[in-house]
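Take a look at the structure below.
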Amino acid sequence: MRKQFAVIGHPIEHSRSPELHQAFAQKTGIELDYHKRLAALDGFETSMQRFFAEGGIGMNVTVPFKEQAFAQCQVLSPRAQIAQAVNTLWMQDGQLHGDNTDGQGLVDAMTALEWPLQNSKILIIGAGGATRGVIYPLAQAGVKEIVIANRTLARAEQLVADLHSAVPDTQLTAMALDDLCGQFDIVINATSASLTGDALVLPENLHFKYAYEMAYGKASRFLQQAQARHVPTAEGYGMLVAQAIEAFFIWHGIKPKLKDFL
Ligand code: ATR
């Protein structure tokens, strides 16, 4: 039997992970099966444990189970500990290991675009799990300053309080979305506003050189506004591919090249 991999979520039908991992496998000459696994909203733990009990090798975790996966792990990478969420699971020496490759995926996607991260000043809009997951990898990539702007200021302030000691060389501050202004190298939309079709308004006195939308495949008012300013923009497909590459690397020890799959 070929090595078994899966992505678990609810819903799961939309997941691109099987096709990505199959494409990486083909390119690197590795044989594997990679399936979508739908778990009931209260059935993550049972489904995940059954997968590994039946000999599964590695599992990706998507919405809404990343925090539950984090809670189940016996061994966590530092970046998963800081994210408090896990998107990549595997068994090693009888223990469930967890990592989070989302933030490195964002860093790798922006690096592939040749957007400068070293010593940069970045604005992240949103203060949910998506933002939490990218702060540490951005800091590791040499980002000098990160401002987290959120509709609910208290959530951004909480994130800064939680994470500032994990990123001692990066200045981390919170801002209310209503006060959005200033000069940034990169602005990242990490809100779920584009998924719901809500508009984020980028005011005139907010200046930036690059704009990244973490969501993909949807018309994004955030990106439309950035494009109207003629700055380079990108949506989250690159991040999706890059986080999958990082998971593939954890499981197989081989790193496919991002540019081959964009
Ligand atoms: P995720 O884990 O994907 O980050 P989340 O934890 O639900 O999801 O967080 C969603 C983020 O999008 C939050 O920062 C939310 O702002 P609030 O904390 O104020 O709720 C933000 N968000 C969602 N819809 C938004 C909108 N229409 N305008 C601005 N921010 C929005």
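Here's how to read the names in the structure tokens: chain A, B, ... by the order shown, residue numbers from 1 in each chain, ligand numbers from 1 in the order shown.
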Problem - Contacts with ligand 1 at most 6 Å, only C-alpha atoms and all ligand atoms counted, listed as number ranges by chain - result: A: 126-131, 150-152, 155, 191-193, 198, 200
Using only C-alpha atoms, which residues sit within 9 Å of Leu163 in chain A once same-chain residues fewer than 3 positions away are excluded, as an mmCIF file with N, CA and C atoms, in the first residue's frame?
```cif
data_model
loop_
_atom_site.group_PDB
_atom_site.id
_atom_site.type_symbol
_atom_site.label_atom_id
_atom_site.label_comp_id
_atom_site.auth_asym_id
_atom_site.auth_seq_id
_atom_site.Cartn_x
_atom_site.Cartn_y
_atom_site.Cartn_z
ATOM 1 N N ILE A 82 3.650 29.243 18.991
ATOM 2 C CA ILE A 82 3.336 30.677 18.960
ATOM 3 C C ILE A 82 2.023 30.917 18.219
ATOM 4 N N ARG A 132 -2.199 35.750 13.752
ATOM 5 C CA ARG A 132 -1.358 35.120 14.785
ATOM 6 C C ARG A 132 -0.323 34.181 14.162
ATOM 7 N N ILE A 135 2.974 36.168 12.345
ATOM 8 C CA ILE A 135 3.844 37.150 13.012
ATOM 9 C C ILE A 135 5.273 36.620 13.202
ATOM 10 N N TYR A 136 5.397 35.422 13.760
ATOM 11 C CA TYR A 136 6.724 34.883 14.077
ATOM 12 C C TYR A 136 7.548 34.627 12.808
ATOM 13 N N GLN A 158 -4.485 42.514 22.288
ATOM 14 C CA GLN A 158 -4.256 41.226 22.947
ATOM 15 C C GLN A 158 -3.183 40.422 22.218
ATOM 16 N N LEU A 159 -3.251 40.459 20.885
ATOM 17 C CA LEU A 159 -2.263 39.740 20.069
ATOM 18 C C LEU A 159 -0.863 40.304 20.312
ATOM 19 N N VAL A 160 -0.758 41.624 20.375
ATOM 20 C CA VAL A 160 0.536 42.264 20.646
ATOM 21 C C VAL A 160 1.038 41.850 22.028
ATOM 22 N N ALA A 166 7.854 36.998 21.939
ATOM 23 C CA ALA A 166 8.320 35.953 21.010
ATOM 24 C C ALA A 166 9.094 36.556 19.835
ATOM 25 N N VAL A 167 8.931 37.875 19.618
ATOM 26 C CA VAL A 167 9.601 38.528 18.479
ATOM 27 C C VAL A 167 10.360 39.771 18.966
ATOM 28 N N LEU A 172 6.183 45.553 17.531
ATOM 29 C CA LEU A 172 4.813 45.093 17.289
ATOM 30 C C LEU A 172 3.861 46.087 17.943
#
```
Exercise for the section: For range 240-247 of chain A, work out the shell of residues within 9 Å, counting only C-alpha atoms and skipping chain neighbours fewer than 2 positions away, then give it as a VMD selection string. Expected result: chain A and resid 16 to 17 20 to 21 24 58 60 87 to 89 99 to 109 214 216 236 to 238 249 to 252 254 to 258 261 to 262
Practice task
Just the helix (DSSP H, G or I) stuff from range 3-79 of chain A, please, per backbone DSSP, written as number ranges by chain.
Solution key: A: 17-28, 44-53, 66-72, 78-79
Output C-alpha atoms for every residue in the selection just made, as a PDB file, in the first residue's frame.
```
ATOM      1  CA  SER A  17      -4.171  20.228  -1.017  1.00  0.00           C
ATOM      2  CA  PRO A  18      -4.597  16.783  -2.698  1.00  0.00           C
ATOM      3  CA  GLU A  19      -3.774  18.100  -6.173  1.00  0.00           C
ATOM      4  CA  LEU A  20      -0.805  20.095  -4.840  1.00  0.00           C
ATOM      5  CA  HIS A  21       0.701  17.180  -2.937  1.00  0.00           C
ATOM      6  CA  GLN A  22       0.139  14.840  -5.895  1.00  0.00           C
ATOM      7  CA  ALA A  23       1.896  17.359  -8.143  1.00  0.00           C
ATOM      8  CA  PHE A  24       4.850  17.630  -5.726  1.00  0.00           C
ATOM      9  CA  ALA A  25       4.984  13.827  -5.490  1.00  0.00           C
ATOM     10  CA  GLN A  26       5.053  13.459  -9.269  1.00  0.00           C
ATOM     11  CA  LYS A  27       7.811  16.064  -9.594  1.00  0.00           C
ATOM     12  CA  THR A  28       9.971  14.477  -6.880  1.00  0.00           C
ATOM     13  CA  PHE A  44     -12.076  15.958  14.550  1.00  0.00           C
ATOM     14  CA  GLU A  45     -10.321  14.006  17.295  1.00  0.00           C
ATOM     15  CA  THR A  46     -11.944  10.650  16.435  1.00  0.00           C
ATOM     16  CA  SER A  47     -11.344  11.001  12.708  1.00  0.00           C
ATOM     17  CA  MET A  48      -7.746  12.154  13.126  1.00  0.00           C
ATOM     18  CA  GLN A  49      -6.907   9.343  15.579  1.00  0.00           C
ATOM     19  CA  ARG A  50      -8.471   6.738  13.281  1.00  0.00           C
ATOM     20  CA  PHE A  51      -6.376   7.994  10.375  1.00  0.00           C
ATOM     21  CA  PHE A  52      -3.125   7.502  12.280  1.00  0.00           C
ATOM     22  CA  ALA A  53      -4.297   4.217  13.878  1.00  0.00           C
ATOM     23  CA  LYS A  66      -6.377  23.978  13.481  1.00  0.00           C
ATOM     24  CA  GLU A  67      -6.755  24.987  17.152  1.00  0.00           C
ATOM     25  CA  GLN A  68      -8.080  21.515  18.079  1.00  0.00           C
ATOM     26  CA  ALA A  69      -5.134  19.919  16.290  1.00  0.00           C
ATOM     27  CA  PHE A  70      -2.807  22.172  18.281  1.00  0.00           C
ATOM     28  CA  ALA A  71      -4.446  21.011  21.527  1.00  0.00           C
ATOM     29  CA  GLN A  72      -4.006  17.320  20.597  1.00  0.00           C
ATOM     30  CA  PRO A  78       8.116  26.669  18.181  1.00  0.00           C
ATOM     31  CA  ARG A  79       6.180  28.329  15.363  1.00  0.00           C
TER      32      ARG A  79
END
```
Practice task
State, in Å with one decimal place, the distance from CA of Ile148 in chain A to CA of Glu114 in chain A.
Solution key: 22.7 Å
Practice task
Find the spatial neighbours of Gln225 in chain A, counting only C-alpha atoms, within a cut-off of 9 Å - ignore same-chain residues fewer than 4 positions away - and output them as a PyMOL selection string.
Solution key: chain A and resi 201-202+220-221+229
Exercise for the section: Any chance you could list, as a list in words, the residues in range 148-224 of chain A that come up strand (DSSP E) when DSSP is run on the backbone? Expected result: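 Matching residues, listed in order: Ile148, Ala149, Asn150, Gln171, Leu172, Thr173, Ala174, Met175, Ala176, Gly182, Gln183, Phe184, Asp185, Ile186, Val187, Ile188, Asn189, Leu206, His207, Phe208, Lys209, Tyr210, Ala211, Tyr212 and Glu213 of chain A.
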Can you write just those residues out, N, CA, C and O atoms, as a CSV table (one decimal), in the first residue's frame?
```csv
chain,number,residue,atom,x,y,z
A,148,ILE,N,-0.5,45.8,13.7
A,148,ILE,CA,-1.7,45.0,13.5
A,148,ILE,C,-2.9,45.9,13.7
A,148,ILE,O,-3.1,46.5,14.7
A,149,ALA,N,-3.7,46.1,12.6
A,149,ALA,CA,-4.9,47.0,12.6
A,149,ALA,C,-6.1,46.1,12.6
A,149,ALA,O,-6.2,45.2,11.8
A,150,ASN,N,-7.0,46.4,13.5
A,150,ASN,CA,-8.2,45.5,13.6
A,150,ASN,C,-9.4,46.4,13.9
A,150,ASN,O,-9.4,47.4,14.6
A,171,GLN,N,9.4,45.3,16.2
A,171,GLN,CA,8.4,46.2,16.9
A,171,GLN,C,7.0,45.8,16.5
A,171,GLN,O,6.7,45.8,15.4
A,172,LEU,N,6.2,45.6,17.5
A,172,LEU,CA,4.8,45.1,17.3
A,172,LEU,C,3.9,46.1,17.9
A,172,LEU,O,4.0,46.3,19.1
A,173,THR,N,2.9,46.7,17.1
A,173,THR,CA,2.0,47.6,17.7
A,173,THR,C,0.6,47.3,17.2
A,173,THR,O,0.4,46.7,16.1
A,174,ALA,N,-0.4,47.8,18.0
A,174,ALA,CA,-1.8,47.6,17.6
A,174,ALA,C,-2.4,49.0,17.1
A,174,ALA,O,-2.0,50.0,17.6
A,175,MET,N,-3.4,48.9,16.2
A,175,MET,CA,-4.0,50.1,15.7
A,175,MET,C,-5.5,49.8,15.5
A,175,MET,O,-5.8,48.6,15.1
A,176,ALA,N,-6.4,50.7,15.7
A,176,ALA,CA,-7.8,50.5,15.4
A,176,ALA,C,-8.0,50.7,13.9
A,176,ALA,O,-7.3,51.6,13.3
A,182,GLY,N,-0.6,56.0,7.7
A,182,GLY,CA,0.8,55.8,7.8
A,182,GLY,C,1.5,55.3,6.5
A,182,GLY,O,0.8,55.1,5.5
A,183,GLN,N,2.8,55.1,6.6
A,183,GLN,CA,3.6,54.7,5.5
A,183,GLN,C,4.1,53.2,5.8
A,183,GLN,O,4.7,53.0,6.8
A,184,PHE,N,3.9,52.3,4.9
A,184,PHE,CA,4.3,51.0,5.1
A,184,PHE,C,4.9,50.4,3.8
A,184,PHE,O,4.7,50.9,2.7
A,185,ASP,N,5.8,49.4,3.9
A,185,ASP,CA,6.3,48.8,2.8
A,185,ASP,C,5.2,47.8,2.2
A,185,ASP,O,4.9,47.9,1.0
A,186,ILE,N,4.7,47.0,3.1
A,186,ILE,CA,3.7,46.0,2.6
A,186,ILE,C,2.4,46.0,3.5
A,186,ILE,O,2.6,46.2,4.7
A,187,VAL,N,1.3,46.0,2.9
A,187,VAL,CA,0.0,45.8,3.6
A,187,VAL,C,-0.5,44.4,3.3
A,187,VAL,O,-0.5,44.0,2.1
A,188,ILE,N,-0.9,43.7,4.3
A,188,ILE,CA,-1.5,42.3,4.2
A,188,ILE,C,-2.9,42.3,4.7
A,188,ILE,O,-3.1,42.7,5.8
A,189,ASN,N,-3.8,41.8,3.9
A,189,ASN,CA,-5.2,41.6,4.4
A,189,ASN,C,-5.3,40.2,4.9
A,189,ASN,O,-5.4,39.3,4.2
A,206,LEU,N,-3.2,56.4,3.9
A,206,LEU,CA,-2.5,55.1,4.1
A,206,LEU,C,-1.6,54.9,2.8
A,206,LEU,O,-2.2,54.8,1.7
A,207,HIS,N,-0.3,54.7,3.0
A,207,HIS,CA,0.6,54.6,1.9
A,207,HIS,C,1.3,53.2,2.0
A,207,HIS,O,1.8,52.9,3.1
A,208,PHE,N,1.5,52.6,0.9
A,208,PHE,CA,2.2,51.3,0.9
A,208,PHE,C,2.7,51.0,-0.5
A,208,PHE,O,2.2,51.5,-1.5
A,209,LYS,N,3.7,50.1,-0.6
A,209,LYS,CA,4.4,49.8,-1.8
A,209,LYS,C,3.9,48.5,-2.5
A,209,LYS,O,4.1,48.2,-3.6
A,210,TYR,N,3.4,47.6,-1.6
A,210,TYR,CA,3.0,46.2,-2.0
A,210,TYR,C,1.7,45.8,-1.2
A,210,TYR,O,1.6,46.2,-0.1
A,211,ALA,N,0.8,45.0,-1.8
A,211,ALA,CA,-0.4,44.6,-1.1
A,211,ALA,C,-0.6,43.1,-1.3
A,211,ALA,O,-0.7,42.7,-2.5
A,212,TYR,N,-0.8,42.4,-0.2
A,212,TYR,CA,-1.0,40.9,-0.3
A,212,TYR,C,-2.3,40.6,0.3
A,212,TYR,O,-2.6,40.9,1.5
A,213,GLU,N,-3.2,39.9,-0.4
A,213,GLU,CA,-4.5,39.4,0.1
A,213,GLU,C,-4.3,37.9,0.4
A,213,GLU,O,-4.0,37.1,-0.5
```
Exercise for the section: Might you pull out every residue within 6 Å of Gly9 in chain A, with only C-alpha atoms counted and same-chain residues fewer than 5 positions away left off, and present them as a VMD selection string? Expected result: chain A and resid 38 62 to 63
Exercise for the section: Pick out the closest residue to Gly217 in chain A from this set: A:Ala83, A:Val231, A:Leu195, A:Met1. Count only C-alpha atoms. Expected result: A:Leu195
Residues at most 9 Å from His10 in chain A, counting only C-alpha atoms, excluding those fewer than 2 positions away in the same chain, as a compact mmCIF listing (two decimals) with all heavy atoms, in the first residue's frame?
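Produced file around.txt, reproduced below:
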```txt
# COMPACT_ATOMS: atom_id res chain seq x y z
N ILE A 8 -7.80 17.26 6.50
CA ILE A 8 -9.06 17.15 7.25
C ILE A 8 -9.64 18.54 7.48
O ILE A 8 -8.90 19.49 7.76
CB ILE A 8 -8.82 16.40 8.58
CG1 ILE A 8 -10.14 16.09 9.28
CG2 ILE A 8 -7.90 17.17 9.52
CD1 ILE A 8 -9.98 15.08 10.42
N ILE A 12 -14.61 20.48 3.27
CA ILE A 12 -13.31 20.07 2.75
C ILE A 12 -13.31 20.00 1.21
O ILE A 12 -12.25 19.95 0.60
CB ILE A 12 -12.88 18.71 3.38
CG1 ILE A 12 -11.39 18.49 3.23
CG2 ILE A 12 -13.68 17.54 2.81
CD1 ILE A 12 -10.51 19.50 3.90
N GLU A 13 -14.49 20.01 0.62
CA GLU A 13 -14.60 19.79 -0.82
C GLU A 13 -13.72 20.75 -1.63
O GLU A 13 -13.13 20.38 -2.64
CB GLU A 13 -16.07 19.93 -1.26
CG GLU A 13 -16.54 18.91 -2.25
CD GLU A 13 -15.72 17.63 -2.33
OE1 GLU A 13 -15.74 16.78 -1.41
OE2 GLU A 13 -15.01 17.49 -3.33
N ARG A 37 -10.59 14.50 3.74
CA ARG A 37 -11.26 13.80 4.84
C ARG A 37 -12.20 14.79 5.52
O ARG A 37 -11.76 15.75 6.17
CB ARG A 37 -10.19 13.31 5.81
CG ARG A 37 -10.65 12.24 6.77
CD ARG A 37 -9.42 11.67 7.48
NE ARG A 37 -9.79 10.74 8.52
CZ ARG A 37 -9.74 9.42 8.40
NH1 ARG A 37 -9.32 8.87 7.29
NH2 ARG A 37 -10.07 8.65 9.42
N LEU A 38 -13.49 14.55 5.37
CA LEU A 38 -14.48 15.40 6.02
C LEU A 38 -14.75 14.87 7.42
O LEU A 38 -15.11 13.71 7.58
CB LEU A 38 -15.79 15.40 5.21
CG LEU A 38 -16.95 16.20 5.81
CD1 LEU A 38 -16.67 17.70 5.72
CD2 LEU A 38 -18.26 15.87 5.11
N ALA A 39 -14.57 15.73 8.44
CA ALA A 39 -14.91 15.32 9.81
C ALA A 39 -16.14 16.11 10.24
O ALA A 39 -16.30 17.27 9.86
CB ALA A 39 -13.75 15.59 10.76
N ALA A 40 -16.99 15.49 11.04
CA ALA A 40 -18.12 16.23 11.62
C ALA A 40 -17.55 17.34 12.50
O ALA A 40 -16.41 17.24 12.97
CB ALA A 40 -18.97 15.28 12.46
N LEU A 41 -18.32 18.38 12.72
CA LEU A 41 -17.82 19.52 13.49
C LEU A 41 -17.35 19.10 14.88
O LEU A 41 -16.42 19.69 15.42
CB LEU A 41 -18.88 20.63 13.58
CG LEU A 41 -19.04 21.43 12.28
CD1 LEU A 41 -20.19 22.41 12.39
CD2 LEU A 41 -17.74 22.15 11.91
N THR A 62 -7.26 21.87 8.16
CA THR A 62 -7.76 23.17 7.75
C THR A 62 -8.95 23.57 8.61
O THR A 62 -9.28 22.89 9.60
CB THR A 62 -8.02 23.20 6.22
OG1 THR A 62 -8.30 24.54 5.84
CG2 THR A 62 -9.13 22.27 5.78
N VAL A 63 -9.56 24.69 8.25
CA VAL A 63 -10.67 25.27 9.02
C VAL A 63 -11.76 24.24 9.25
O VAL A 63 -12.10 23.52 8.32
CB VAL A 63 -11.22 26.47 8.21
CG1 VAL A 63 -12.41 27.11 8.91
CG2 VAL A 63 -10.11 27.50 7.99
N PRO A 64 -12.33 24.09 10.42
CA PRO A 64 -12.11 24.91 11.64
C PRO A 64 -11.32 24.16 12.71
O PRO A 64 -11.53 24.42 13.89
CB PRO A 64 -13.55 25.12 12.11
CG PRO A 64 -14.20 23.78 11.82
CD PRO A 64 -13.51 23.21 10.60
N PHE A 65 -10.40 23.26 12.30
CA PHE A 65 -9.82 22.33 13.27
C PHE A 65 -8.38 22.64 13.69
O PHE A 65 -7.77 21.86 14.43
CB PHE A 65 -9.87 20.89 12.71
CG PHE A 65 -11.26 20.39 12.45
CD1 PHE A 65 -11.58 19.78 11.23
CD2 PHE A 65 -12.26 20.52 13.40
CE1 PHE A 65 -12.85 19.30 10.97
CE2 PHE A 65 -13.55 20.04 13.15
CZ PHE A 65 -13.85 19.43 11.94
```
Handout entry: Val75 in chain A environment, 12 Å, only C-alpha atoms, sequence neighbours closer than 6 positions dropped, as a list in words
Key =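 Counting only C-alpha atoms, the residues come to Ala69, Gln81, Val86, Thr88, Leu89, Trp90, Met91, Gln92, Asp93, Gly94, Gln95, Leu96, His97, Gly98 and Asp99 of chain A.
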Practice task
Identify which of the residues A:Trp115, A:Phe222, A:Phe248, A:Phe5 lies closest to Ala199 in chain A, counting only C-alpha atoms when measuring atom-to-atom distances.
Solution key: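 Ranking A:Trp115, A:Phe222, A:Phe248, A:Phe5 by distance to Ala199 in chain A, first place goes to A:Phe222.
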